[in-house]
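Have a look at the structure below, then the notes.
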Amino acid sequence: MSLYTEKQLRLIEAELKRLQLWQDEPPSVEAMADPTPFACESMAFEQWLQFIFLPKMGEIMAVNGTLPSQIALGPMAEYVWQGRGEMQALINIINQLDEHLSGSN
């Protein structure tokens with residue numbers, strides 16, 4: 001399971017970079033501490049993916065920890081990027097990761 005998860009995480013990173021959404025500088029300390037789902041009050045969803053989700057998943061995998069089994073990033077991605085055709089590949093990758101971790105593929 002983790003090899004597929006690792007591949008999907010790398011694909012998310014690659015797609016963020018391809019879309020020129022990857023950032024060199026992290027959001028502020030305050031933004032990073034935002035307790036709202038997806039830190040939506042202080043950063044864009046792509047920032048949350050880059051600076052919170054991807055590092056957290058990497059940490060879990062580095063220690064062979066238990067990956068989340070119920071995630072729903074796809075609906076958020078579809079909502080945030082609705083009507084933006086250039087985002088469809090990234091949305092598809094995120095949906096595939098959701099399905100994989102939820103065991104429904």
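Ordered as shown in the structure tokens, chains take letters A, B, and onward, while each chain numbers its residues from 1 and ligands are numbered from 1 in the order shown.
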For A:Glu30, please output as number ranges by chain all residues within 12 Å (counting only C-alpha atoms; exclusion window: fewer than 3 positions along the same chain). A: 26-27, 33-35, 39, 41-43
Put those residues in a file: C-alpha atoms, as a PDB file, in the first residue's frame.
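As written to disk, part-v7.pdb reads:
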```pdb
ATOM      1  CA  PRO A  26       6.275  28.606   3.402  1.00  0.00           C
ATOM      2  CA  PRO A  27       3.277  30.534   4.690  1.00  0.00           C
ATOM      3  CA  ALA A  33      -1.071  27.023  12.831  1.00  0.00           C
ATOM      4  CA  ASP A  34      -4.526  27.644  11.344  1.00  0.00           C
ATOM      5  CA  PRO A  35      -6.824  25.054  12.995  1.00  0.00           C
ATOM      6  CA  ALA A  39      -6.119  25.766   6.967  1.00  0.00           C
ATOM      7  CA  GLU A  41      -8.811  30.652   6.447  1.00  0.00           C
ATOM      8  CA  SER A  42      -5.135  31.424   6.031  1.00  0.00           C
ATOM      9  CA  MET A  43      -3.758  29.633   2.978  1.00  0.00           C
TER      10      MET A  43
END
```
Got a sec: who's within 12 Å of stretch 51-63 of chain A, counting only C-alpha atoms, leaving out chain neighbours fewer than 2 positions off, as an MDAnalysis selection string? chainID A and resid 1:14 16 21:29 31:35 37:40 43:49 65:68 71 73 94 97 101
To test your reading of the structure, identify every residue in stretch 65-95 of chain A that backbone DSSP assigns to alpha helix (DSSP H), and report it as a ChimeraX atom specification. /A:73-80,88-95
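A straight line drawn from atom CA of A:Arg18 to atom CA of A:Thr36 is 27.5 Å long.
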Do a neighbour search on A:Ile91 at 8 Å with only C-alpha atoms, toss out local chain neighbours closer than 5 positions, and write the hits as number ranges by chain. A: 74, 77-78
